[in-house]
>>> print(open('input-v5.csv').read())   # CSV, C-alpha atoms
chain,number,residue,atom,x,y,z
D,824,MET,CA,181.6,108.5,217.3
D,825,SER,CA,183.8,110.1,214.5
D,826,ALA,CA,185.8,113.3,214.9
D,827,GLU,CA,183.3,115.0,212.6
D,828,GLU,CA,180.3,113.8,214.6
D,829,ARG,CA,182.0,114.9,217.8
D,830,LEU,CA,182.7,118.4,216.4
D,831,ILE,CA,179.1,118.9,215.3
D,832,ARG,CA,177.9,117.8,218.7
D,833,TYR,CA,180.1,120.2,220.6
D,834,CYS,CA,179.6,123.1,218.2
D,835,GLN,CA,175.8,122.9,218.7
D,836,ILE,CA,176.3,123.7,222.4
D,837,ASP,CA,176.4,127.5,222.9
D,838,THR,CA,179.4,128.4,225.0
D,839,GLN,CA,180.0,132.1,224.0
D,840,SER,CA,181.9,134.1,226.6
D,841,ASP,CA,181.0,137.7,227.6
D,842,PRO,CA,183.6,140.4,228.0
D,843,GLU,CA,181.0,142.6,229.8
D,844,ASN,CA,181.0,140.0,232.6
D,845,ALA,CA,184.7,139.3,232.7
D,846,GLY,CA,184.9,139.9,236.4
D,847,GLU,CA,183.2,136.5,236.9
D,848,THR,CA,184.6,133.1,235.9
D,849,PRO,CA,183.0,131.7,233.9
D,850,SER,CA,181.6,134.9,232.3
D,851,THR,CA,178.6,132.9,231.1
D,852,LYS,CA,177.0,130.0,233.0
D,853,LYS,CA,176.2,128.2,229.7
D,854,GLN,CA,179.8,127.2,229.4
D,855,PHE,CA,179.1,124.7,232.2
D,856,ASN,CA,176.8,122.9,229.7
D,857,LEU,CA,179.7,121.7,227.7
D,858,ALA,CA,182.1,121.4,230.7
D,859,ARG,CA,179.9,118.9,232.5
D,860,ILE,CA,179.5,116.8,229.3
D,861,LEU,CA,183.3,116.7,228.8
D,862,ALA,CA,184.0,115.8,232.4
D,863,LYS,CA,181.6,112.9,232.0
D,864,GLU,CA,183.2,111.8,228.8
D,865,LEU,CA,186.7,111.9,230.3
D,866,ARG,CA,185.5,109.6,233.1
D,867,GLU,CA,184.1,107.2,230.5
D,868,LEU,CA,187.5,107.2,228.7
D,869,GLY,CA,189.2,106.1,231.9
D,870,LEU,CA,190.7,109.4,233.1
D,871,GLU,CA,191.3,109.7,236.8
D,872,ASN,CA,190.8,112.7,239.2
D,873,THR,CA,188.4,114.1,236.6
D,874,GLU,CA,186.4,117.2,237.8
D,875,CYS,CA,184.6,120.3,236.6
D,876,ASP,CA,185.4,122.8,239.3
D,877,GLU,CA,183.4,125.8,240.4
D,878,HIS,CA,185.1,128.1,237.8
D,879,CYS,CA,184.2,125.8,234.9
D,880,TYR,CA,187.7,124.3,234.5
D,881,VAL,CA,187.8,120.6,233.5
D,882,TYR,CA,190.7,118.5,234.6
D,883,GLY,CA,191.6,114.8,234.3
D,884,TRP,CA,194.6,112.6,233.8
D,885,LEU,CA,195.2,109.2,232.1
D,886,PRO,CA,197.5,107.0,234.2
D,887,SER,CA,200.7,105.7,232.7
D,888,ASN,CA,200.7,102.1,231.5
D,889,CYS,CA,204.4,101.9,230.4
D,890,GLY,CA,205.9,100.6,233.6
D,891,HIS,CA,208.6,103.2,233.9
D,892,ASP,CA,209.0,106.8,234.9
D,893,THR,CA,208.2,109.4,232.2
D,894,LYS,CA,207.5,113.0,231.9
D,895,THR,CA,203.8,114.0,232.0
D,896,VAL,CA,202.6,115.7,228.8
D,897,GLY,CA,199.5,117.8,228.9
D,898,PHE,CA,196.9,118.9,226.3
D,899,ILE,CA,194.7,122.0,226.7
D,900,ALA,CA,191.8,123.4,224.7
D,901,HIS,CA,189.2,126.1,225.5
D,902,MET,CA,185.5,125.6,225.6
D,903,ASP,CA,184.2,129.2,225.0
D,904,THR,CA,183.5,130.7,221.6
D,905,ALA,CA,184.3,134.3,220.7
D,906,PRO,CA,181.8,137.1,221.7
D,907,ASP,CA,182.4,138.7,218.3
D,908,TYR,CA,179.7,136.7,216.6
D,909,SER,CA,176.7,134.6,217.6
D,910,GLY,CA,177.3,131.1,218.8
D,911,THR,CA,173.6,130.3,219.2
D,912,ASN,CA,171.8,127.7,217.1
D,913,VAL,CA,174.9,126.7,215.2
D,914,LYS,CA,174.1,124.6,212.2
D,915,PRO,CA,177.3,123.0,210.8
D,916,ARG,CA,177.3,121.4,207.4
D,917,ILE,CA,179.8,119.3,205.5
D,918,ILE,CA,181.3,120.0,202.0
D,919,GLU,CA,182.6,116.9,200.5
D,920,ASN,CA,185.6,117.1,198.2
D,921,PHE,CA,185.8,120.9,198.2
D,922,ASP,CA,186.1,122.2,194.6
D,923,GLY,CA,188.1,125.3,195.5
D,924,ASN,CA,185.3,127.7,194.4
D,925,ASP,CA,183.1,130.1,196.3
D,926,ILE,CA,181.0,128.5,199.0
D,927,ARG,CA,177.3,129.6,199.3
D,928,LEU,CA,176.5,129.5,202.9
D,929,ASN,CA,172.9,130.7,202.5
D,930,ASP,CA,170.8,132.7,200.1
D,931,GLU,CA,172.4,136.0,201.2
D,932,VAL,CA,176.0,135.0,202.3
D,933,THR,CA,178.7,133.6,200.1
D,934,MET,CA,182.3,132.7,201.2
D,935,LYS,CA,184.2,134.2,198.3
D,936,MET,CA,187.7,132.8,197.5
D,937,ALA,CA,188.7,136.3,196.4
D,938,ASP,CA,188.4,137.2,200.1
D,939,PHE,CA,190.0,134.0,201.3
D,940,PRO,CA,192.5,133.0,198.5
D,941,TYR,CA,194.4,130.7,200.8
D,942,MET,CA,191.4,128.4,200.9
D,943,ARG,CA,191.9,127.4,197.3
D,944,ALA,CA,194.7,125.2,198.6
D,945,LEU,CA,192.1,123.1,200.4
D,946,LYS,CA,190.7,121.8,197.1
D,947,GLY,CA,189.7,118.2,197.5
D,948,LYS,CA,189.4,118.4,201.3
D,949,ARG,CA,186.4,117.7,203.4
D,950,LEU,CA,185.2,120.9,205.1
D,951,MET,CA,182.8,121.8,207.8
D,952,VAL,CA,181.3,125.3,207.4
D,953,THR,CA,178.4,127.3,208.9
D,954,ASP,CA,175.0,128.2,207.6
D,955,GLY,CA,176.2,131.9,207.4
D,956,ASN,CA,174.3,133.0,210.5
D,957,THR,CA,176.7,132.1,213.3
D,958,LEU,CA,180.3,131.3,213.9
D,959,LEU,CA,181.2,127.6,213.8
D,960,GLY,CA,183.0,127.1,217.1
D,961,ALA,CA,185.9,125.1,215.8
D,962,ASP,CA,187.9,127.7,217.8
D,963,ASP,CA,188.4,125.9,219.9
D,964,LYS,CA,186.0,122.9,220.0
D,965,ALA,CA,188.2,121.3,217.2
D,966,GLY,CA,191.0,121.4,219.8
D,967,ILE,CA,188.7,119.6,222.3
D,968,VAL,CA,187.8,117.0,219.6
D,969,CYS,CA,191.3,116.0,218.6
D,970,ILE,CA,192.2,115.6,222.3
D,971,MET,CA,189.1,113.4,222.9
D,972,GLU,CA,189.7,111.4,219.8
D,973,ALA,CA,193.3,110.6,220.9
D,974,LEU,CA,192.1,109.6,224.3
D,975,SER,CA,189.4,107.4,222.7
D,976,TYR,CA,192.0,105.7,220.6
D,977,LEU,CA,194.2,104.9,223.7
D,978,LYS,CA,191.1,103.4,225.5
D,979,GLU,CA,190.4,101.2,222.5
D,980,HIS,CA,194.1,100.2,222.2
D,981,PRO,CA,195.4,99.4,225.7
D,982,GLU,CA,198.4,97.8,224.1
D,983,VAL,CA,199.8,101.2,223.2
D,984,LYS,CA,202.2,102.2,225.9
D,985,HIS,CA,202.2,105.8,227.2
D,986,GLY,CA,203.2,107.8,230.1
D,987,ARG,CA,200.8,109.9,232.3
D,988,ILE,CA,198.7,112.3,230.2
D,989,ALA,CA,197.1,115.4,231.7
D,990,VAL,CA,194.1,117.1,230.1
D,991,ALA,CA,192.3,120.4,230.8
D,992,PHE,CA,189.6,122.4,229.1
D,993,THR,CA,189.3,126.1,230.0
D,994,PRO,CA,186.6,128.7,230.0
D,995,ASP,CA,186.8,132.4,228.9
D,996,GLU,CA,190.0,132.1,226.7
D,997,GLU,CA,188.4,134.4,224.1
D,998,ILE,CA,188.1,137.3,226.7
D,999,GLY,CA,191.6,136.8,228.0
D,1000,ASN,CA,190.7,135.0,231.2
D,1001,GLY,CA,191.5,131.4,230.3
D,1002,PRO,CA,194.4,131.0,232.6
D,1003,LYS,CA,192.8,133.1,235.4
D,1004,TYR,CA,192.0,130.2,237.8
D,1005,PHE,CA,194.0,127.5,236.0
D,1006,ASP,CA,195.6,125.2,238.7
D,1007,ILE,CA,198.9,124.2,237.3
D,1008,GLY,CA,199.6,121.9,240.3
D,1009,LYS,CA,196.3,120.1,239.9
D,1010,PHE,CA,196.9,119.8,236.1
D,1011,GLY,CA,200.2,118.1,236.9
D,1012,ALA,CA,202.0,118.2,233.6
D,1013,ASP,CA,205.7,118.8,233.0
D,1014,PHE,CA,204.9,120.6,229.7
D,1015,ALA,CA,201.8,120.9,227.6
D,1016,PHE,CA,200.4,122.0,224.3
D,1017,THR,CA,197.3,124.1,223.6
D,1018,MET,CA,195.4,122.7,220.6
D,1019,ASP,CA,194.1,126.0,219.5
D,1020,GLY,CA,193.4,126.4,215.8
D,1021,GLY,CA,195.2,126.8,212.5
D,1022,THR,CA,196.5,124.3,210.0
D,1023,VAL,CA,197.8,121.0,211.4
D,1024,ARG,CA,201.3,122.0,210.2
D,1025,GLU,CA,201.6,124.9,212.6
D,1026,TYR,CA,203.8,124.8,215.6
D,1027,SER,CA,203.7,128.2,217.5
D,1028,ASP,CA,206.0,129.1,220.4
D,1029,GLU,CA,205.6,132.9,219.9
D,1030,THR,CA,202.7,135.2,220.7
D,1031,PHE,CA,202.3,138.9,220.7
D,1032,ASN,CA,203.3,141.0,223.7
D,1033,ALA,CA,200.0,142.6,224.6
D,1034,ALA,CA,198.8,145.8,226.3
D,1035,SER,CA,195.6,147.8,226.5
D,1036,ALA,CA,195.2,151.5,226.6
D,1037,VAL,CA,192.4,153.9,227.5
D,1038,VAL,CA,192.6,157.6,226.4
D,1039,THR,CA,190.2,160.0,228.1
D,1040,PHE,CA,189.4,163.6,227.1
D,1041,LYS,CA,188.0,166.4,229.2
D,1042,GLY,CA,186.1,169.0,227.3
D,1043,PHE,CA,184.5,172.4,228.1
D,1044,SER,CA,180.9,172.4,227.1
D,1045,ILE,CA,179.1,175.6,226.5
D,1046,HIS,CA,176.2,176.7,224.3
D,1047,PRO,CA,177.4,176.6,220.7
D,1048,GLY,CA,175.9,180.1,220.1
D,1049,SER,CA,178.5,181.6,222.5
D,1050,ALA,CA,181.2,179.0,222.0
D,1051,LYS,CA,183.8,181.1,220.2
D,1052,ASP,CA,187.3,180.8,221.8
D,1053,LYS,CA,185.7,178.9,224.8
D,1054,MET,CA,184.4,175.5,223.8
D,1055,ILE,CA,186.6,172.5,223.9
D,1056,ASN,CA,184.8,169.6,222.2
D,1057,ALA,CA,186.0,166.3,223.8
D,1058,ALA,CA,184.6,164.2,221.0
D,1059,ALA,CA,186.4,166.2,218.4
D,1060,LEU,CA,189.6,165.9,220.4
D,1061,ALA,CA,189.2,162.1,220.4
D,1062,CYS,CA,189.0,162.2,216.6
D,1063,GLN,CA,192.1,164.4,216.5
D,1064,TYR,CA,194.0,162.1,218.7
D,1065,GLN,CA,193.2,159.0,216.6
D,1066,ASN,CA,194.3,160.9,213.5
D,1067,LEU,CA,197.7,161.7,215.1
D,1068,LEU,CA,198.5,158.0,215.4
D,1069,PRO,CA,200.5,156.4,212.5
D,1070,ALA,CA,198.0,155.4,209.8
D,1071,HIS,CA,200.0,152.3,208.8
D,1072,MET,CA,200.1,150.9,212.4
D,1073,VAL,CA,196.7,149.3,212.3
D,1074,PRO,CA,195.7,145.6,212.0
D,1075,GLU,CA,194.3,146.0,208.5
D,1076,HIS,CA,197.8,147.2,207.3
D,1077,THR,CA,199.9,144.6,209.2
D,1078,GLU,CA,200.9,141.0,208.9
D,1079,GLY,CA,203.6,138.5,210.0
D,1080,ARG,CA,205.6,140.0,212.8
D,1081,ASP,CA,204.2,143.5,212.4
D,1082,GLY,CA,202.7,144.9,215.5
D,1083,PHE,CA,199.7,147.3,215.7
D,1084,ILE,CA,197.7,149.9,217.6
D,1085,HIS,CA,194.0,149.0,217.3
D,1086,LEU,CA,191.1,151.2,218.2
D,1087,ILE,CA,188.4,148.9,219.6
D,1088,GLU,CA,185.9,151.4,221.1
D,1089,MET,CA,185.0,155.1,221.1
D,1090,LYS,CA,182.6,157.0,223.3
D,1091,GLY,CA,182.1,160.7,223.4
D,1092,SER,CA,180.2,164.0,223.8
D,1093,THR,CA,181.2,167.6,223.9
D,1094,ASP,CA,182.0,167.3,227.6
D,1095,ALA,CA,183.9,164.0,227.8
D,1096,ALA,CA,185.1,161.3,225.5
D,1097,SER,CA,187.2,158.1,225.6
D,1098,LEU,CA,189.1,155.8,223.2
D,1099,ALA,CA,190.0,152.2,224.0
D,1100,TYR,CA,192.9,150.5,222.3
D,1101,ILE,CA,194.8,147.2,222.2
D,1102,LEU,CA,198.5,147.2,221.5
D,1103,ARG,CA,200.4,144.2,220.1
D,1104,ASP,CA,203.9,143.4,219.0
D,1105,HIS,CA,206.1,140.2,219.1
D,1106,ASP,CA,209.0,142.5,220.1
D,1107,SER,CA,208.7,143.9,223.6
D,1108,GLY,CA,210.9,146.9,222.7
D,1109,LYS,CA,208.6,147.8,219.8
D,1110,LEU,CA,205.6,147.5,222.0
D,1111,GLU,CA,207.2,150.0,224.3
D,1112,GLU,CA,207.7,152.3,221.3
D,1113,LYS,CA,204.0,152.1,220.5
D,1114,LYS,CA,203.2,153.2,224.1
D,1115,LYS,CA,205.6,156.2,223.7
D,1116,ILE,CA,203.9,157.2,220.5
D,1117,MET,CA,200.5,157.2,222.2
D,1118,GLN,CA,201.9,159.3,225.1
D,1119,GLN,CA,203.5,161.8,222.6
D,1120,CYS,CA,200.0,162.2,221.0
D,1121,ALA,CA,198.5,162.8,224.5
D,1122,ASP,CA,201.2,165.3,225.3
D,1123,PHE,CA,200.5,167.2,222.0
D,1124,ILE,CA,196.8,167.5,222.9
D,1125,ASN,CA,197.6,168.8,226.4
D,1126,GLU,CA,200.1,171.3,225.1
D,1127,ARG,CA,197.6,172.7,222.8
D,1128,TYR,CA,194.4,172.6,225.0
D,1129,GLY,CA,195.8,172.6,228.5
D,1130,GLU,CA,197.2,170.1,230.9
D,1131,GLY,CA,194.7,167.5,232.0
D,1132,THR,CA,192.7,167.7,228.8
D,1133,CYS,CA,194.0,164.3,227.7
D,1134,LYS,CA,195.0,161.3,229.9
D,1135,LEU,CA,196.5,158.0,228.8
D,1136,GLU,CA,196.3,154.9,230.9
D,1137,VAL,CA,198.2,151.8,229.7
D,1138,LYS,CA,197.9,148.3,231.2
D,1139,ASP,CA,200.1,145.3,230.2
D,1140,ALA,CA,198.3,142.0,229.5
D,1141,TYR,CA,200.3,138.9,228.4
D,1142,ARG,CA,203.9,138.5,227.2
D,1143,ASN,CA,205.5,136.7,224.3
D,1144,MET,CA,205.7,133.1,225.5
D,1145,TYR,CA,208.9,132.6,223.5
D,1146,GLU,CA,210.8,134.3,226.4
D,1147,VAL,CA,210.1,131.0,228.3
D,1148,LEU,CA,209.9,128.4,225.6
D,1149,LYS,CA,213.3,129.1,224.1
D,1150,ASN,CA,214.7,127.5,227.2
D,1151,TYR,CA,212.8,124.2,226.5
D,1152,PRO,CA,214.0,123.1,223.1
D,1153,HIS,CA,213.0,119.4,223.8
D,1154,VAL,CA,209.3,120.4,223.9
D,1155,LYS,CA,209.7,121.7,220.3
D,1156,GLU,CA,211.7,118.6,219.3
D,1157,ILE,CA,209.0,116.3,220.6
D,1158,ALA,CA,206.2,118.1,218.6
D,1159,TRP,CA,208.4,118.6,215.5
D,1160,LYS,CA,209.2,114.9,215.4
D,1161,ALA,CA,205.5,114.0,215.8
D,1162,LEU,CA,204.6,116.1,212.7
D,1163,GLU,CA,207.5,114.7,210.6
D,1164,ASP,CA,206.7,111.1,211.6
D,1165,LEU,CA,203.3,111.7,210.0
D,1166,GLY,CA,204.8,113.1,206.8
D,1167,ILE,CA,203.7,116.6,207.8
D,1168,GLU,CA,206.2,119.4,207.0
D,1169,PRO,CA,206.2,121.6,210.2
D,1170,LEU,CA,205.4,125.3,209.9
D,1171,HIS,CA,207.0,127.5,212.5
D,1172,GLU,CA,204.4,130.2,212.7
D,1173,PRO,CA,204.3,133.1,215.3
D,1174,ILE,CA,200.7,133.7,216.6
D,1175,ARG,CA,199.2,137.1,215.8
D,1176,GLY,CA,197.4,136.9,219.1
D,1177,GLY,CA,197.6,135.0,222.3
D,1178,THR,CA,196.7,131.7,223.8
D,1179,ASP,CA,196.2,130.2,227.3
D,1180,GLY,CA,199.7,128.9,226.8
D,1181,ALA,CA,201.2,132.4,226.9
D,1182,GLU,CA,200.4,133.1,230.5
D,1183,LEU,CA,200.8,129.4,231.5
D,1184,SER,CA,204.3,129.4,230.1
D,1185,MET,CA,205.1,132.6,232.1
D,1186,ARG,CA,203.8,130.8,235.2
D,1187,GLY,CA,206.1,127.9,234.7
D,1188,LEU,CA,204.3,125.5,232.5
D,1189,PRO,CA,206.0,125.4,229.0
D,1190,CYS,CA,203.0,125.4,226.7
D,1191,PRO,CA,203.3,126.0,222.9
D,1192,ASN,CA,200.4,125.8,220.5
D,1193,LEU,CA,199.5,123.3,217.8
D,1194,GLY,CA,196.9,123.5,215.0
D,1195,ASN,CA,193.7,121.5,214.6
D,1196,GLY,CA,192.5,122.4,211.1
D,1197,GLY,CA,190.3,125.4,211.8
D,1198,GLY,CA,190.3,128.7,210.0
D,1199,ASN,CA,188.6,132.1,209.5
D,1200,PHE,CA,187.8,132.3,213.2
D,1201,HIS,CA,185.4,134.6,215.1
D,1202,GLY,CA,182.8,134.9,212.3
D,1203,ARG,CA,180.3,133.4,209.9
D,1204,TYR,CA,183.1,132.3,207.5
D,1205,GLU,CA,184.8,130.0,210.0
D,1206,TYR,CA,185.5,126.5,208.8
D,1207,CYS,CA,187.3,123.3,209.8
D,1208,VAL,CA,189.2,120.9,207.6
D,1209,ILE,CA,188.0,117.5,208.8
D,1210,ASP,CA,191.0,115.7,207.2
D,1211,GLU,CA,193.3,117.9,209.3
D,1212,LEU,CA,191.2,117.6,212.5
D,1213,GLU,CA,191.6,113.8,212.2
D,1214,LYS,CA,195.4,114.3,211.6
D,1215,ALA,CA,195.7,116.5,214.7
D,1216,SER,CA,194.5,113.6,216.9
D,1217,GLN,CA,197.3,111.5,215.4
D,1218,VAL,CA,199.8,114.3,216.2
D,1219,ILE,CA,198.8,114.1,219.8
D,1220,LEU,CA,199.3,110.3,219.8
D,1221,HIS,CA,202.8,110.7,218.3
D,1222,ILE,CA,203.6,113.4,220.9
D,1223,VAL,CA,202.5,110.9,223.6
D,1224,ALA,CA,204.7,108.2,222.1
D,1225,ASN,CA,207.7,110.5,221.7
D,1226,THR,CA,207.3,111.6,225.4
D,1227,GLU,CA,207.2,108.0,226.5
D,1228,GLU,CA,210.4,107.2,224.5
D,1229,GLU,CA,212.2,110.3,225.9
>>> encode(input="input-v5.csv", output="structure tokens")
Amino acid sequence: MSAEERLIRYCQIDTQSDPENAGETPSTKKQFNLARILAKELRELGLENTECDEHCYVYGWLPSNCGHDTKTVGFIAHMDTAPDYSGTNVKPRIIENFDGNDIRLNDEVTMKMADFPYMRALKGKRLMVTDGNTLLGADDKAGIVCIMEALSYLKEHPEVKHGRIAVAFTPDEEIGNGPKYFDIGKFGADFAFTMDGGTVREYSDETFNAASAVVTFKGFSIHPGSAKDKMINAAALACQYQNLLPAHMVPEHTEGRDGFIHLIEMKGSTDAASLAYILRDHDSGKLEEKKKIMQQCADFINERYGEGTCKLEVKDAYRNMYEVLKNYPHVKEIAWKALEDLGIEPLHEPIRGGTDGAELSMRGLPCPNLGNGGGNFHGRYEYCVIDELEKASQVILHIVANTEEE
């Protein structure tokens, strides 16, 4: 089975997670459909202690065959696809020798290079795209594929010496619960890599610091005919609060290391209203500044309309994994050398988001992220560069070799 065939097969299995059911892991039982297949395939590839546990985590490890003590390197990918867009009835198709022009996904949907100008650099590559009705699922089934392809190569070439290799596939990464029940002891790696999207050049040891915020508004509802100097419209206050926040500090106006305050949901009536936000910044100090700005806006509302009218609740999520990974330079060196050995110029790219590796690093497992050829995630314009997907499996093999040599 080729990497391309394997990716098509995995993408056609619906594994979409559900934030409305985030209290349970997995949030959707259908994630087991892929998990059980992967556990079976790992056993067939010779991995020991392979299991799919009650929370839909798949573990296994390939025993060392090098005859001496080595570090155990791990590789992790997530099975779920984003709740942002449908993952049902995915119909991938291949574009041979991409010409760099607009891609017609179906009669009504076209992937325009004016919207995705960076894709012009993929001219001549082999792409997998959607039919325009679903996401693809390369995030992160491409990560699963490159891990499985590397393991398949090692099974077919027992003469290749390697240390112990740990593998894990997680549920619910897309709703922030990937590491929730991850058993680091059972996984058994000294360090690991998430294979979670982006060009194969990317090495990422930085994530956002993340928090969420809910702002609630208490109104005073009265018949509008007699509302003068009495009514306090909670829905209108919510709009006023949003307009107090810096207009430039939103995702659509930020890039690189810029952080943001992102309104993700609003509900309201005259009597009560609420706004839900996520806050992100690579710099923890700047994230704290964003929290202060939000509190200042809440204070302004309360000063004007009365104490208790507006309430801000902030909850921290994950932290920038660089706080940990900067203390493990050899992990970067191993990955960096693997890329360079393959003639790939490494790209040190901070992630404008998070990965399972962020929390796992904080819990003691150094775990940066590597790319697998995917792009335009969480929607109908998602794609995967097959050439890079295949190269990503070679990166894994070189990391394994470099770990054994170390």
>>> residues_around(input="input-v5.csv", residues="D:Gly1176", least_positions_apart="2", cutoff="9 Å", atoms="all atoms listed in the file", output="PyMOL selection string")
chain D and resi 1030-1033+1103+1173-1174+1178
>>> write_last_selection(input="input-v5.csv", atoms="C-alpha atoms", output="PDB file, keeping the file's coordinate frame")
ATOM      1  CA  THR D1030     202.700 135.200 220.700  1.00  0.00           C
ATOM      2  CA  PHE D1031     202.300 138.900 220.700  1.00  0.00           C
ATOM      3  CA  ASN D1032     203.300 141.000 223.700  1.00  0.00           C
ATOM      4  CA  ALA D1033     200.000 142.600 224.600  1.00  0.00           C
ATOM      5  CA  ARG D1103     200.400 144.200 220.100  1.00  0.00           C
ATOM      6  CA  PRO D1173     204.300 133.100 215.300  1.00  0.00           C
ATOM      7  CA  ILE D1174     200.700 133.700 216.600  1.00  0.00           C
ATOM      8  CA  THR D1178     196.700 131.700 223.800  1.00  0.00           C
TER       9      THR D1178
END
>>> residues_around(input="input-v5.csv", residues="stretch 854-863 of chain D", least_positions_apart="3", cutoff="6 Å", atoms="only C-alpha atoms", output="number ranges by chain")
D: 838, 866, 879
>>> residues_around(input="input-v5.csv", residues="D:Ala1036", least_positions_apart="3", cutoff="6 Å", atoms="only C-alpha atoms", output="number ranges by chain")
D: 1099-1100, 1136-1137
>>> atom_distance(input="input-v5.csv", atom1="atom CA of D:Pro849", atom2="atom CA of D:Glu1182")
17.8 Å
>>> residues_near_point(input="input-v5.csv", point="(180.4, 120.6, 213.5)", cutoff="10 Å", atoms="only C-alpha atoms", output="list in words")
Ala826, Glu827, Glu828, Arg829, Leu830, Ile831, Arg832, Tyr833, Cys834, Gln835, Val913, Lys914, Pro915, Arg916, Ile917, Leu950, Met951, Val952, Thr953, Leu959, Gly960, Ala961, Lys964, Ala965, Tyr1206, Cys1207 and Ile1209 of chain D
>>> residues_around(input="input-v5.csv", residues="D:Met1117", least_positions_apart="4", cutoff="9 Å", atoms="all atoms listed in the file", output="list in words")
Ala1036, Val1038, Tyr1064, Leu1067, Leu1068, Glu1112, Lys1113, Ala1121, Asp1122 and Leu1135 of chain D
>>> atom_distance(input="input-v5.csv", atom1="atom CA of D:Met1185", atom2="atom CA of D:Ala1012")
14.8 Å
>>> residues_around(input="input-v5.csv", residues="stretch 935-945 of chain D", least_positions_apart="4", cutoff="8 Å", atoms="all atoms listed in the file", output="PyMOL selection string")
chain D and resi 921+923-926
>>> closest_residue(input="input-v5.csv", among="D:Leu1212, D:Ala989, D:Ala1181, D:Val983", to="D:Tyr882", atoms="only C-alpha atoms")
D:Ala989
>>> atom_distance(input="input-v5.csv", atom1="atom CA of D:Lys1134", atom2="atom CA of D:Cys1062")
14.6 Å
>>> closest_residue(input="input-v5.csv", among="D:Trp884, D:Ile899, D:Val1037, D:Asn1150", to="D:Gln1118", atoms="all atoms listed in the file")
D:Val1037
>>> closest_residue(input="input-v5.csv", among="D:Gly869, D:Gly1082, D:Gly1042, D:Gly999", to="D:Lys1109", atoms="all atoms listed in the file")
D:Gly1082
>>> closest_residue(input="input-v5.csv", among="D:Val932, D:Ile1219, D:Leu1110, D:Lys1041", to="D:Ala973", atoms="only C-alpha atoms")
D:Ile1219
>>> closest_residue(input="input-v5.csv", among="D:Asp1094, D:Leu1165, D:Asp1179, D:Asn888", to="D:Leu977", atoms="all atoms listed in the file")
D:Asn888
>>> closest_residue(input="input-v5.csv", among="D:Glu847, D:Asp1013, D:Glu1088, D:Glu1211", to="D:Thr895", atoms="only C-alpha atoms")
D:Asp1013
